[in-house]
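Asks: This is the content of model.tsv (TSV, C-alpha atoms):
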```
chain	number	residue	atom	x	y	z
C	819	MET	CA	21.71	-3.12	21.54
C	820	PHE	CA	20.67	0.43	20.73
C	821	SER	CA	17.26	-0.54	19.38
C	822	GLN	CA	16.35	-2.47	22.50
C	823	PHE	CA	16.47	0.67	24.60
C	824	ILE	CA	15.08	3.28	22.27
C	825	ILE	CA	11.44	2.15	22.40
C	826	PRO	CA	11.06	1.66	26.18
C	827	PHE	CA	12.92	4.94	26.61
C	828	ALA	CA	10.54	6.74	24.23
C	829	PHE	CA	7.50	5.36	26.08
C	830	LEU	CA	8.91	6.39	29.44
C	831	LEU	CA	9.81	9.85	28.19
C	832	VAL	CA	6.36	10.46	26.74
C	833	LEU	CA	4.62	9.28	29.92
C	834	LEU	CA	6.86	11.55	31.99
C	835	ILE	CA	6.08	14.51	29.73
C	836	ALA	CA	2.36	13.76	30.10
C	837	ILE	CA	2.60	13.66	33.90
C	838	PHE	CA	4.77	16.76	33.96
C	839	ARG	CA	2.23	18.65	31.89
C	840	LYS	CA	-0.62	17.30	34.07
C	841	LYS	CA	-2.30	15.50	31.16
C	842	ASP	CA	-4.12	12.19	31.29
C	843	PRO	CA	-2.20	9.78	29.04
C	844	TYR	CA	-4.58	6.87	29.63
C	845	ASN	CA	-7.57	8.53	27.97
C	846	TYR	CA	-5.45	9.77	25.07
C	847	PHE	CA	-4.16	6.27	24.55
C	848	ILE	CA	-7.70	4.85	24.49
C	849	ASP	CA	-8.86	7.52	22.02
C	850	GLY	CA	-5.94	6.80	19.71
C	851	SER	CA	-6.23	3.02	19.89
C	852	LYS	CA	-9.93	3.21	18.97
C	853	LYS	CA	-8.95	4.25	15.45
C	854	ALA	CA	-6.99	1.04	14.87
C	855	VAL	CA	-10.00	-1.20	14.19
C	856	ASN	CA	-11.53	1.08	11.56
C	857	LEU	CA	-8.14	1.65	9.97
C	858	VAL	CA	-7.56	-2.09	9.58
C	859	ILE	CA	-11.10	-2.56	8.22
C	860	ASP	CA	-10.30	0.04	5.55
C	861	VAL	CA	-6.97	-1.58	4.74
C	862	PHE	CA	-8.20	-5.21	4.80
C	863	PRO	CA	-9.56	-5.51	1.21
C	864	TYR	CA	-6.23	-4.23	-0.17
C	865	LEU	CA	-4.29	-6.62	2.05
C	866	LEU	CA	-6.48	-9.50	0.92
C	867	ALA	CA	-6.07	-8.71	-2.78
C	868	ILE	CA	-2.27	-8.37	-2.54
C	869	LEU	CA	-1.62	-11.44	-0.39
C	870	MET	CA	-3.99	-13.58	-2.46
C	871	ALA	CA	-2.27	-12.58	-5.72
C	872	VAL	CA	1.21	-13.10	-4.26
C	873	GLU	CA	0.33	-16.57	-2.98
C	874	VAL	CA	-0.99	-17.70	-6.38
C	875	PHE	CA	2.04	-16.08	-8.02
C	876	ARG	CA	4.39	-18.13	-5.83
C	877	VAL	CA	2.50	-21.44	-5.76
C	878	SER	CA	1.95	-21.46	-9.54
C	879	GLY	CA	5.70	-21.26	-10.11
C	880	VAL	CA	5.25	-18.16	-12.27
C	881	SER	CA	7.52	-16.24	-9.90
C	882	ALA	CA	10.23	-18.90	-10.23
C	883	PHE	CA	9.74	-18.87	-14.01
C	884	LEU	CA	10.08	-15.08	-14.09
C	885	ALA	CA	13.11	-15.38	-11.85
C	886	GLY	CA	14.76	-17.75	-14.34
C	887	LEU	CA	13.92	-15.36	-17.16
C	888	THR	CA	15.32	-12.26	-15.48
C	889	ALA	CA	18.31	-13.86	-13.73
C	890	PRO	CA	20.77	-13.00	-16.54
C	891	VAL	CA	19.77	-9.33	-16.33
C	892	PHE	CA	20.35	-9.24	-12.57
C	893	GLY	CA	23.54	-11.26	-13.04
C	894	TRP	CA	24.80	-8.65	-15.45
C	895	PHE	CA	24.61	-6.15	-12.54
C	896	GLY	CA	26.58	-8.50	-10.28
C	897	LEU	CA	23.62	-9.92	-8.37
C	898	PRO	CA	23.87	-13.70	-7.73
C	899	VAL	CA	21.33	-15.82	-9.66
C	900	GLU	CA	20.09	-17.35	-6.38
C	901	LEU	CA	18.67	-13.98	-5.31
C	902	THR	CA	16.36	-13.44	-8.27
C	903	GLU	CA	13.19	-14.82	-6.71
C	904	LEU	CA	13.84	-12.76	-3.57
C	905	LEU	CA	14.25	-9.65	-5.73
C	906	ILE	CA	10.94	-10.35	-7.48
C	907	ILE	CA	8.85	-11.17	-4.38
C	908	ARG	CA	10.39	-8.53	-2.09
C	909	PRO	CA	8.46	-5.50	-3.48
C	910	LEU	CA	5.18	-7.42	-3.21
C	911	SER	CA	5.01	-9.00	0.22
C	912	GLY	CA	7.04	-8.92	3.41
C	913	ALA	CA	5.89	-12.34	4.63
C	914	GLY	CA	6.40	-13.90	1.18
C	915	SER	CA	9.92	-12.54	0.80
C	916	LEU	CA	10.81	-13.54	4.35
C	917	ALA	CA	9.92	-17.13	3.39
C	918	VAL	CA	12.20	-16.87	0.35
C	919	LEU	CA	15.01	-15.40	2.51
C	920	ASN	CA	14.55	-18.29	4.94
C	921	ASP	CA	14.95	-20.77	2.05
C	922	ILE	CA	18.13	-19.03	0.93
C	923	PHE	CA	19.61	-19.21	4.44
C	924	ALA	CA	18.63	-22.90	4.66
C	925	ASN	CA	20.12	-23.83	1.27
C	926	HIS	CA	23.21	-21.62	1.42
C	927	GLU	CA	24.96	-20.60	4.63
C	928	PRO	CA	23.87	-17.18	5.95
C	929	ASP	CA	27.57	-16.26	6.07
C	930	SER	CA	28.23	-17.23	2.45
C	931	PHE	CA	28.37	-14.53	-0.20
C	932	ILE	CA	24.86	-15.46	-1.33
C	933	GLY	CA	23.55	-15.39	2.23
C	934	ARG	CA	25.09	-11.99	2.95
C	935	SER	CA	23.89	-10.60	-0.39
C	936	ALA	CA	20.37	-11.82	0.38
C	937	SER	CA	20.59	-10.08	3.78
C	938	VAL	CA	21.53	-6.82	2.04
C	939	VAL	CA	18.66	-7.20	-0.44
C	940	TYR	CA	16.08	-7.82	2.28
C	941	GLY	CA	17.47	-5.29	4.76
C	942	SER	CA	17.84	-2.39	2.36
C	943	SER	CA	14.53	-2.69	0.50
C	944	GLU	CA	10.86	-2.30	1.24
C	945	THR	CA	7.62	-3.93	0.10
C	946	ILE	CA	7.16	-1.19	-2.52
C	947	PHE	CA	3.80	-2.26	-3.96
C	948	TYR	CA	2.40	-3.26	-0.58
C	949	VAL	CA	3.36	-0.01	1.17
C	950	SER	CA	2.14	2.23	-1.64
C	951	THR	CA	-1.20	0.41	-1.88
C	952	ILE	CA	-1.79	0.57	1.88
C	953	TYR	CA	-0.73	4.23	2.13
C	954	LEU	CA	-3.27	5.16	-0.56
C	955	SER	CA	-6.05	3.09	1.01
C	956	GLN	CA	-7.85	6.08	2.54
C	957	SER	CA	-7.28	8.45	-0.37
C	958	LYS	CA	-9.26	8.66	-3.61
C	959	CYS	CA	-6.11	9.00	-5.70
C	960	ARG	CA	-5.25	5.84	-7.66
C	961	ASN	CA	-2.60	7.16	-10.03
C	962	LEU	CA	0.88	7.43	-8.52
C	963	ARG	CA	2.54	8.72	-11.73
C	964	TYR	CA	6.30	8.17	-11.56
C	965	ALA	CA	6.51	7.13	-7.87
C	966	ILE	CA	6.81	3.34	-8.31
C	967	PRO	CA	9.39	3.35	-11.15
C	968	ILE	CA	11.55	5.73	-9.11
C	969	SER	CA	11.32	3.54	-6.01
C	970	ILE	CA	12.26	0.43	-8.00
C	971	VAL	CA	15.20	2.09	-9.76
C	972	ALA	CA	16.45	3.65	-6.50
C	973	THR	CA	16.13	0.38	-4.54
C	974	LEU	CA	17.84	-1.68	-7.26
C	975	THR	CA	20.71	0.81	-7.52
C	976	GLY	CA	21.19	0.66	-3.76
C	977	VAL	CA	21.11	-3.14	-3.76
C	978	ILE	CA	23.58	-3.40	-6.65
C	979	ALA	CA	25.97	-1.02	-4.87
C	980	GLY	CA	25.56	-2.92	-1.58
C	981	VAL	CA	26.30	-6.31	-3.14
C	982	ALA	CA	29.28	-4.85	-5.01
C	983	LEU	CA	30.61	-3.61	-1.65
C	984	LEU	CA	30.25	-7.12	-0.21
C	985	ARG	CA	32.54	-8.40	-2.97
C	986	VAL	CA	35.19	-5.86	-1.98
C	987	PHE	CA	35.13	-6.53	1.76
Z	1079	MET	CA	0.23	-11.24	-12.97
Z	1080	LEU	CA	-2.77	-12.93	-11.37
Z	1081	ILE	CA	-4.14	-13.99	-14.77
Z	1082	ALA	CA	-0.80	-15.51	-15.78
Z	1083	SER	CA	-0.45	-17.27	-12.44
Z	1084	VAL	CA	-4.00	-18.67	-12.40
Z	1085	SER	CA	-3.82	-19.85	-16.01
Z	1086	THR	CA	-0.51	-21.60	-15.32
Z	1087	LEU	CA	-1.95	-23.32	-12.27
Z	1088	ILE	CA	-4.98	-24.55	-14.25
Z	1089	PHE	CA	-2.59	-26.68	-16.31
Z	1090	ILE	CA	-0.38	-27.86	-13.46
Z	1091	ASP	CA	-2.75	-28.31	-10.56
Z	1092	PRO	CA	-6.28	-26.87	-10.91
Z	1093	SER	CA	-7.23	-27.65	-7.33
Z	1094	ALA	CA	-4.34	-25.49	-6.12
Z	1095	VAL	CA	-5.95	-22.32	-7.50
Z	1096	LEU	CA	-8.64	-21.95	-4.86
Z	1097	GLU	CA	-6.37	-23.47	-2.26
Z	1098	SER	CA	-3.61	-20.91	-2.73
Z	1099	MET	CA	-6.07	-18.01	-3.04
Z	1100	LEU	CA	-7.62	-19.04	0.26
Z	1101	ALA	CA	-4.19	-19.42	1.81
Z	1102	GLY	CA	-3.45	-15.83	0.76
Z	1103	SER	CA	-6.79	-14.57	2.12
Z	1104	ASN	CA	-6.17	-16.37	5.39
Z	1105	ALA	CA	-2.75	-14.77	5.61
Z	1106	ALA	CA	-4.44	-11.40	5.07
Z	1107	LEU	CA	-6.88	-12.05	7.92
Z	1108	ARG	CA	-4.13	-13.19	10.27
Z	1109	LEU	CA	-2.04	-10.16	9.36
Z	1110	SER	CA	-5.05	-7.85	9.89
Z	1111	LEU	CA	-5.67	-9.18	13.38
Z	1112	GLU	CA	-2.03	-8.65	14.17
Z	1113	LEU	CA	-2.21	-5.15	12.69
Z	1114	VAL	CA	-5.20	-4.23	14.87
Z	1115	ALA	CA	-3.01	-4.96	17.88
Z	1116	VAL	CA	0.09	-3.22	16.50
Z	1117	TYR	CA	-1.78	-0.17	15.17
Z	1118	GLY	CA	-3.80	0.03	18.39
Z	1119	LEU	CA	-0.61	0.21	20.41
Z	1120	TRP	CA	1.06	2.79	18.17
Z	1121	LEU	CA	-1.99	4.94	17.48
Z	1122	GLY	CA	-2.50	5.11	21.24
Z	1123	PHE	CA	1.13	6.05	21.76
Z	1124	PHE	CA	0.99	8.65	19.00
Z	1125	ALA	CA	-2.20	10.13	20.47
Z	1126	ILE	CA	-0.30	10.77	23.71
Z	1127	LEU	CA	2.55	12.28	21.66
Z	1128	GLU	CA	0.04	14.50	19.90
Z	1129	LYS	CA	-1.86	15.67	22.99
Z	1130	THR	CA	1.23	16.37	25.09
Z	1131	GLY	CA	2.77	18.43	22.30
Z	1132	ALA	CA	5.70	16.02	21.89
Z	1133	SER	CA	4.81	15.44	18.24
Z	1134	LYS	CA	5.13	19.18	17.63
Z	1135	LEU	CA	8.64	18.99	19.03
Z	1136	ILE	CA	9.62	16.14	16.69
Z	1137	ALA	CA	8.07	18.04	13.78
Z	1138	LYS	CA	10.09	21.11	14.74
Z	1139	LEU	CA	13.33	19.10	14.85
Z	1140	LEU	CA	12.72	17.57	11.42
Z	1141	GLY	CA	10.99	20.72	10.14
Z	1142	PRO	CA	13.69	22.15	7.84
Z	1143	LEU	CA	14.24	18.77	6.18
Z	1144	ILE	CA	10.51	18.13	5.77
Z	1145	ARG	CA	9.83	21.59	4.37
Z	1146	PHE	CA	12.65	21.07	1.85
Z	1147	LEU	CA	11.24	17.70	0.77
Z	1148	PHE	CA	7.54	18.61	0.91
Z	1149	LYS	CA	6.89	22.08	-0.50
Z	1150	GLY	CA	3.77	23.69	0.91
Z	1151	ALA	CA	2.76	20.83	3.20
Z	1152	SER	CA	0.36	21.82	5.99
Z	1153	LEU	CA	1.50	21.82	9.60
Z	1154	GLU	CA	-0.63	18.76	10.33
Z	1155	ALA	CA	0.96	16.94	7.38
Z	1156	GLN	CA	4.44	17.92	8.58
Z	1157	LYS	CA	3.69	16.46	12.00
Z	1158	LEU	CA	2.43	13.16	10.56
Z	1159	ILE	CA	5.35	12.93	8.12
Z	1160	SER	CA	7.91	13.50	10.89
Z	1161	LEU	CA	6.35	10.75	13.01
Z	1162	ASN	CA	6.19	8.47	9.97
Z	1163	MET	CA	9.84	9.09	9.12
Z	1164	SER	CA	11.10	8.62	12.68
Z	1165	ALA	CA	9.18	5.33	13.02
Z	1166	ASN	CA	10.58	4.09	9.69
Z	1167	LEU	CA	14.07	5.12	10.72
Z	1168	ILE	CA	14.11	2.92	13.82
Z	1169	GLY	CA	12.75	0.01	11.80
Z	1170	LEU	CA	9.14	0.15	12.97
Z	1171	GLY	CA	7.46	-0.11	9.59
Z	1172	SER	CA	4.12	-1.14	11.05
Z	1173	ALA	CA	4.10	1.83	13.43
Z	1174	ALA	CA	4.92	4.10	10.51
Z	1175	THR	CA	2.01	2.85	8.40
Z	1176	PRO	CA	-0.94	4.52	10.22
Z	1177	MET	CA	0.99	7.83	10.19
Z	1178	GLY	CA	1.78	7.35	6.49
Z	1179	ILE	CA	-1.89	6.77	5.65
Z	1180	GLY	CA	-2.80	9.91	7.60
Z	1181	ALA	CA	-0.04	11.96	5.98
Z	1182	ILE	CA	-1.08	10.90	2.46
Z	1183	LYS	CA	-4.68	11.87	3.29
Z	1184	GLU	CA	-3.44	15.25	4.53
Z	1185	LEU	CA	-1.21	15.85	1.45
Z	1186	ASP	CA	-3.93	14.76	-0.98
Z	1187	THR	CA	-5.40	17.69	-2.87
Z	1188	GLY	CA	-8.32	15.60	-4.10
Z	1189	GLY	CA	-7.27	15.00	-7.71
Z	1190	LYS	CA	-7.15	11.76	-9.67
Z	1191	LYS	CA	-3.36	11.78	-9.88
Z	1192	ALA	CA	-0.90	12.01	-7.01
Z	1193	ASN	CA	0.81	15.36	-6.46
Z	1194	THR	CA	4.57	15.72	-5.98
Z	1195	ASN	CA	4.34	15.70	-2.17
Z	1196	MET	CA	2.41	12.41	-2.17
Z	1197	ILE	CA	4.92	10.89	-4.58
Z	1198	MET	CA	7.80	12.08	-2.37
Z	1199	LEU	CA	6.31	10.42	0.71
Z	1200	ILE	CA	5.67	7.15	-1.16
Z	1201	VAL	CA	9.22	7.11	-2.55
Z	1202	ILE	CA	10.82	7.90	0.84
Z	1203	SER	CA	8.75	5.21	2.57
Z	1204	THR	CA	9.34	2.56	-0.11
Z	1205	THR	CA	13.09	3.12	-0.32
Z	1206	SER	CA	13.18	2.52	3.46
Z	1207	LEU	CA	15.89	4.44	5.24
Z	1208	GLN	CA	16.35	1.82	7.94
Z	1209	LEU	CA	19.08	2.02	10.54
Z	1210	LEU	CA	18.73	-1.52	11.85
Z	1211	PRO	CA	17.22	-4.37	9.77
Z	1212	SER	CA	16.19	-6.32	12.87
Z	1213	THR	CA	14.18	-8.97	10.96
Z	1214	VAL	CA	17.21	-10.04	8.93
Z	1215	ILE	CA	19.46	-10.05	11.99
Z	1216	SER	CA	17.14	-12.34	13.94
Z	1217	LEU	CA	16.69	-14.70	10.97
Z	1218	ARG	CA	20.47	-14.90	10.52
Z	1219	THR	CA	20.84	-15.75	14.21
Z	1220	GLN	CA	18.27	-18.52	13.85
Z	1221	HIS	CA	20.33	-20.01	11.02
Z	1222	ASN	CA	23.46	-20.09	13.21
Z	1223	SER	CA	25.31	-17.32	11.48
Z	1224	GLN	CA	28.83	-16.88	12.85
Z	1225	ALA	CA	28.97	-13.25	11.76
Z	1226	VAL	CA	25.43	-11.96	12.19
Z	1227	THR	CA	26.28	-8.32	11.48
Z	1228	SER	CA	28.72	-8.90	8.61
Z	1229	PHE	CA	26.28	-7.46	6.06
Z	1230	LEU	CA	25.32	-4.33	8.01
Z	1231	LEU	CA	27.76	-1.84	6.45
Z	1232	ALA	CA	26.86	-2.79	2.88
Z	1233	CYS	CA	23.18	-2.83	3.84
Z	1234	PHE	CA	23.40	0.62	5.40
Z	1235	ILE	CA	25.11	2.08	2.34
Z	1236	ALA	CA	22.51	0.44	0.08
Z	1237	THR	CA	19.56	1.84	2.03
Z	1238	VAL	CA	21.04	5.36	2.32
Z	1239	LEU	CA	21.96	5.37	-1.38
Z	1240	SER	CA	18.51	4.20	-2.47
Z	1241	THR	CA	16.75	6.89	-0.42
Z	1242	ILE	CA	19.04	9.65	-1.71
Z	1243	ILE	CA	18.62	8.50	-5.33
Z	1244	GLY	CA	14.84	8.31	-4.80
Z	1245	ILE	CA	14.66	11.86	-3.42
Z	1246	VAL	CA	16.88	13.28	-6.17
Z	1247	LEU	CA	14.86	11.52	-8.89
Z	1248	VAL	CA	11.57	12.82	-7.49
Z	1249	LYS	CA	13.00	16.36	-7.39
Z	1250	ILE	CA	14.15	16.04	-11.02
Z	1251	MET	CA	10.93	14.46	-12.26
Z	1252	SER	CA	8.80	17.08	-10.52
Z	1253	LYS	CA	10.73	19.76	-12.42
Z	1254	ILE	CA	10.24	17.98	-15.76
Z	1255	PHE	CA	6.62	17.01	-15.10
Z	1256	PRO	CA	5.19	19.62	-12.72
Z	1257	ASP	CA	1.80	19.02	-11.11
Z	1258	LYS	CA	-0.97	19.97	-13.51
Z	1259	PRO	CA	-3.80	21.66	-11.58
Z	1260	ALA	CA	-6.30	19.70	-13.67
Z	1261	ASP	CA	-4.84	16.42	-12.42
Z	1262	VAL	CA	-4.10	17.10	-8.78
Z	1263	LEU	CA	-7.02	19.41	-7.95
Z	1264	PRO	CA	-10.60	18.16	-7.95
Z	1265	ALA	CA	-12.67	19.31	-10.92
Z	1266	LYS	CA	-15.04	22.17	-10.11
Z	1267	GLY	CA	-18.58	21.14	-9.29
Z	1268	LEU	CA	-17.52	17.61	-8.54
Z	1269	MET	CA	-16.70	18.16	-4.88
Z	1270	ILE	CA	-19.68	16.30	-3.52
Z	1271	ASP	CA	-18.25	15.17	-0.25
```
Show me the file's structure as C-alpha cells.
Replies:
Amino acid sequence: MFSQFIIPFAFLLVLLIAIFRKKDPYNYFIDGSKKAVNLVIDVFPYLLAILMAVEVFRVSGVSAFLAGLTAPVFGWFGLPVELTELLIIRPLSGAGSLAVLNDIFANHEPDSFIGRSASVVYGSSETIFYVSTIYLSQSKCRNLRYAIPISIVATLTGVIAGVALLRVF
Amino acid sequence: MLIASVSTLIFIDPSAVLESMLAGSNAALRLSLELVAVYGLWLGFFAILEKTGASKLIAKLLGPLIRFLFKGASLEAQKLISLNMSANLIGLGSAATPMGIGAIKELDTGGKKANTNMIMLIVISTTSLQLLPSTVISLRTQHNSQAVTSFLLACFIATVLSTIIGIVLVKIMSKIFPDKPADVLPAKGLMID
C-alpha cells in the first residue's frame, strides 16, 4: 500500500540529499535525537495526569454512566447507541479509545453497521484534549479560548456526516 | 471528572481507586518510554531535513496555504507547521507531536491566552486530516473483517469535513473575538525570562 512506501522513500530521499550536498547526516541525526529525552521529560507530568484521570474515569463506570446519559442526544444525530462510550473516551486518550474500539469489534462484527460506524469515529477523530495539552506543554499559555469547543463541534459534525454516508452506501 | 470518578469508586470499590490511578500512571510511563524512542527517531530525521534544507523546501511548497491559515507567522514557525502538517497527513501523529510543540512555542507571543495562530494549529491538529487511518485498518484485520476498507470513503469525508469546518470556525471566531494585545502579549515589566 501507498503508506508502506512513503516513509522508507522519504528516508532514502533525505539521505541522498544529504550526501549530494556533502553534509553529514549521522551527526545531525544524533543532535536531533538528543532532544527527545528532555522533550518527553517535559511532557511526562501531563501524560501522567491525563492517563491517570482517564483510567479512573473508565474503571469507575462514570464514563459508561455518562454514555448512557448522552446516548439519546447522539442517537438523535443518527449515531448508534453502542458508540457513545467511544465518542466520550476518544477525545481523552488514544489507548483508552482503542480498547473501547476493540470491545466494539469483539461484540459486534467489524463489518456490521456499528463496526463500520465505530471505524469512522475512530479514524476521523483525534485525541483532542490529549493533543492540545501536550502541544501546550512547553508554552506558558494555559487558556486556549475557543479552540477546544471548535474542535469538538467540527469533529462531531464530520462524524455525523460520515455515519450518515455509511447508511446511504 | 476526576472528582466524580473517584467519589463513585469510593462507594463501589474503594481499593480500585489507587489501583486504577497507578494503572494510569504506569501506562503513562510505558507510553513515555515508547515516545522517547519514537521522538528520538523523528527528531533525528527532522534534524537532517532541517540541516540539508529539505524542510525549507516543504515549507515553500505548503507556504501559501500556511500563510493563509497563520497570519504573520515567523519563517521558523512556518517550517515547523509544514512538517507538523505533513506528518499528520500521512498518519504519523507521534512524529507530528514534537514539531507541534515547537510550532506552538514559536507562535506563542507570551500572553496568558492563546492567540489566533495557536488556536488554528490546535484546531487543525485535533481535527486530524488523516489520509489513512492505519490503526483502525489493522484492528479490523485482526477481527477478521471481510471488507477492511469498507469505511474508508465515509471516514475520509468525515475527516476532511471536520478540518474544513474547524478552519472556517476559527476564521469566523477570530473576526468576532480578535486577539486583545493585553491577553496575547506579555504585560510590560513582567518579562523576567
Asks: Skipping near chain neighbours, those fewer than 6 positions away, what residues fall within 12 Å of region 1144-1148 of chain Z using only C-alpha atoms, listed as a PyMOL selection string?
Replies: chain Z and resi 1136-1138+1155-1164+1181-1182+1185+1193-1202+1242+1244-1246+1248-1249+1252
Asks: Residues near Val981 (chain C), anyone? I mean within 12 Å using all atoms listed in the file, not counting same-chain ones fewer than 2 positions away, as a ChimeraX atom specification.
Replies: /C:892-893,895-898,901,931-942,974-979,983-987 /Z:1229-1237
Asks: Looking at C:Val874, C:Ala828, C:Val899, C:Ala882, which one is nearest to chain Z, with distances taken over only C-alpha atoms?
Replies: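 Of C:Val874, C:Ala828, C:Val899, C:Ala882, the one nearest chain Z, counting only C-alpha atoms, is C:Val874.
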Asks: Taking into account only C-alpha atoms, which residue in the set C:Thr945, C:Ser969, C:Asn856, C:Asn961 is nearest to Leu916 (chain C)?
Replies: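 Checking each candidate against Leu916 (chain C), we get C:Thr945 as the closest.
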Asks: Please work out which residues fall within 10 Å of (-2.3, -15.9, 3.5), coordinates as given in the file, with only C-alpha atoms counting, and return them as a list of chain:residue names.
Replies: C:Leu865, C:Leu866, C:Ile868, C:Leu869, C:Met870, C:Ala871, C:Val872, C:Glu873, C:Ala913, C:Gly914, Z:Ser1098, Z:Met1099, Z:Leu1100, Z:Ala1101, Z:Gly1102, Z:Ser1103, Z:Asn1104, Z:Ala1105, Z:Ala1106, Z:Leu1107, Z:Arg1108, Z:Leu1109
Asks: Mind giving me the straight-line distance from CA of Thr973 (chain C) to CA of Ser1240 (chain Z) in Å, one decimal?
Replies: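 Separation of CA of Thr973 (chain C) and CA of Ser1240 (chain Z): 5.0 Å.
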Asks: Counting only C-alpha atoms, what is within 10 Å of region 847-850 of chain C, bar same-chain residues fewer than 5 positions away, as JSON, numbers by chain?
Replies: {"C": [842], "Z": [1117, 1118, 1119, 1120, 1121, 1122, 1123, 1124, 1125, 1126, 1127, 1128, 1129]}
Asks: In Å to one decimal, how far is CA of Leu1210 (chain Z) from CA of Tyr864 (chain C)?
Replies: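 Calculated distance between CA of Tyr864 (chain C) and CA of Leu1210 (chain Z) is 27.8 Å.
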Asks: Using CA of Gly1169 (chain Z) and CA of Gln1208 (chain Z) as the two end points, give the distance in Å to one decimal.
Replies: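 That distance, rounded to one decimal, is 5.6 Å.
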Asks: With all atoms listed in the file as the atoms that count, which of C:Pro890, C:Leu910, C:Val880, C:His926 lies nearest to chain Z?
Replies: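 Selected residue with least distance to chain Z: C:Val880.
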Asks: Here is a test: counting all atoms listed in the file, which residue of Z:Val1114, Z:Ile1250, Z:Val1262, Z:Ala1174 is nearest to chain C?
Replies: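 The closest residue to chain C is Z:Val1114.
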Asks: So which one's closest to Ser915 (chain C), C:Arg960, C:Ser881, C:Ser930, C:Ile952? Using only C-alpha atoms, please.
Replies: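 For Ser915 (chain C), the nearest of the candidates is C:Ser881.
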Asks: Counting all atoms listed in the file, find the residues whose atoms lie at most 6 Å from (14.1, 6.3, -6.8) (file coordinates) and write them out as a ChimeraX atom specification.
Replies: /C:968-969,971-972 /Z:1243-1244,1247
Asks: Ranking Z:Thr1205, Z:Ser1172, Z:Ser1110, Z:Ser1212 by minimum distance to Ile859 (chain C) and counting all atoms listed in the file, which one comes first?
Replies: Z:Ser1110
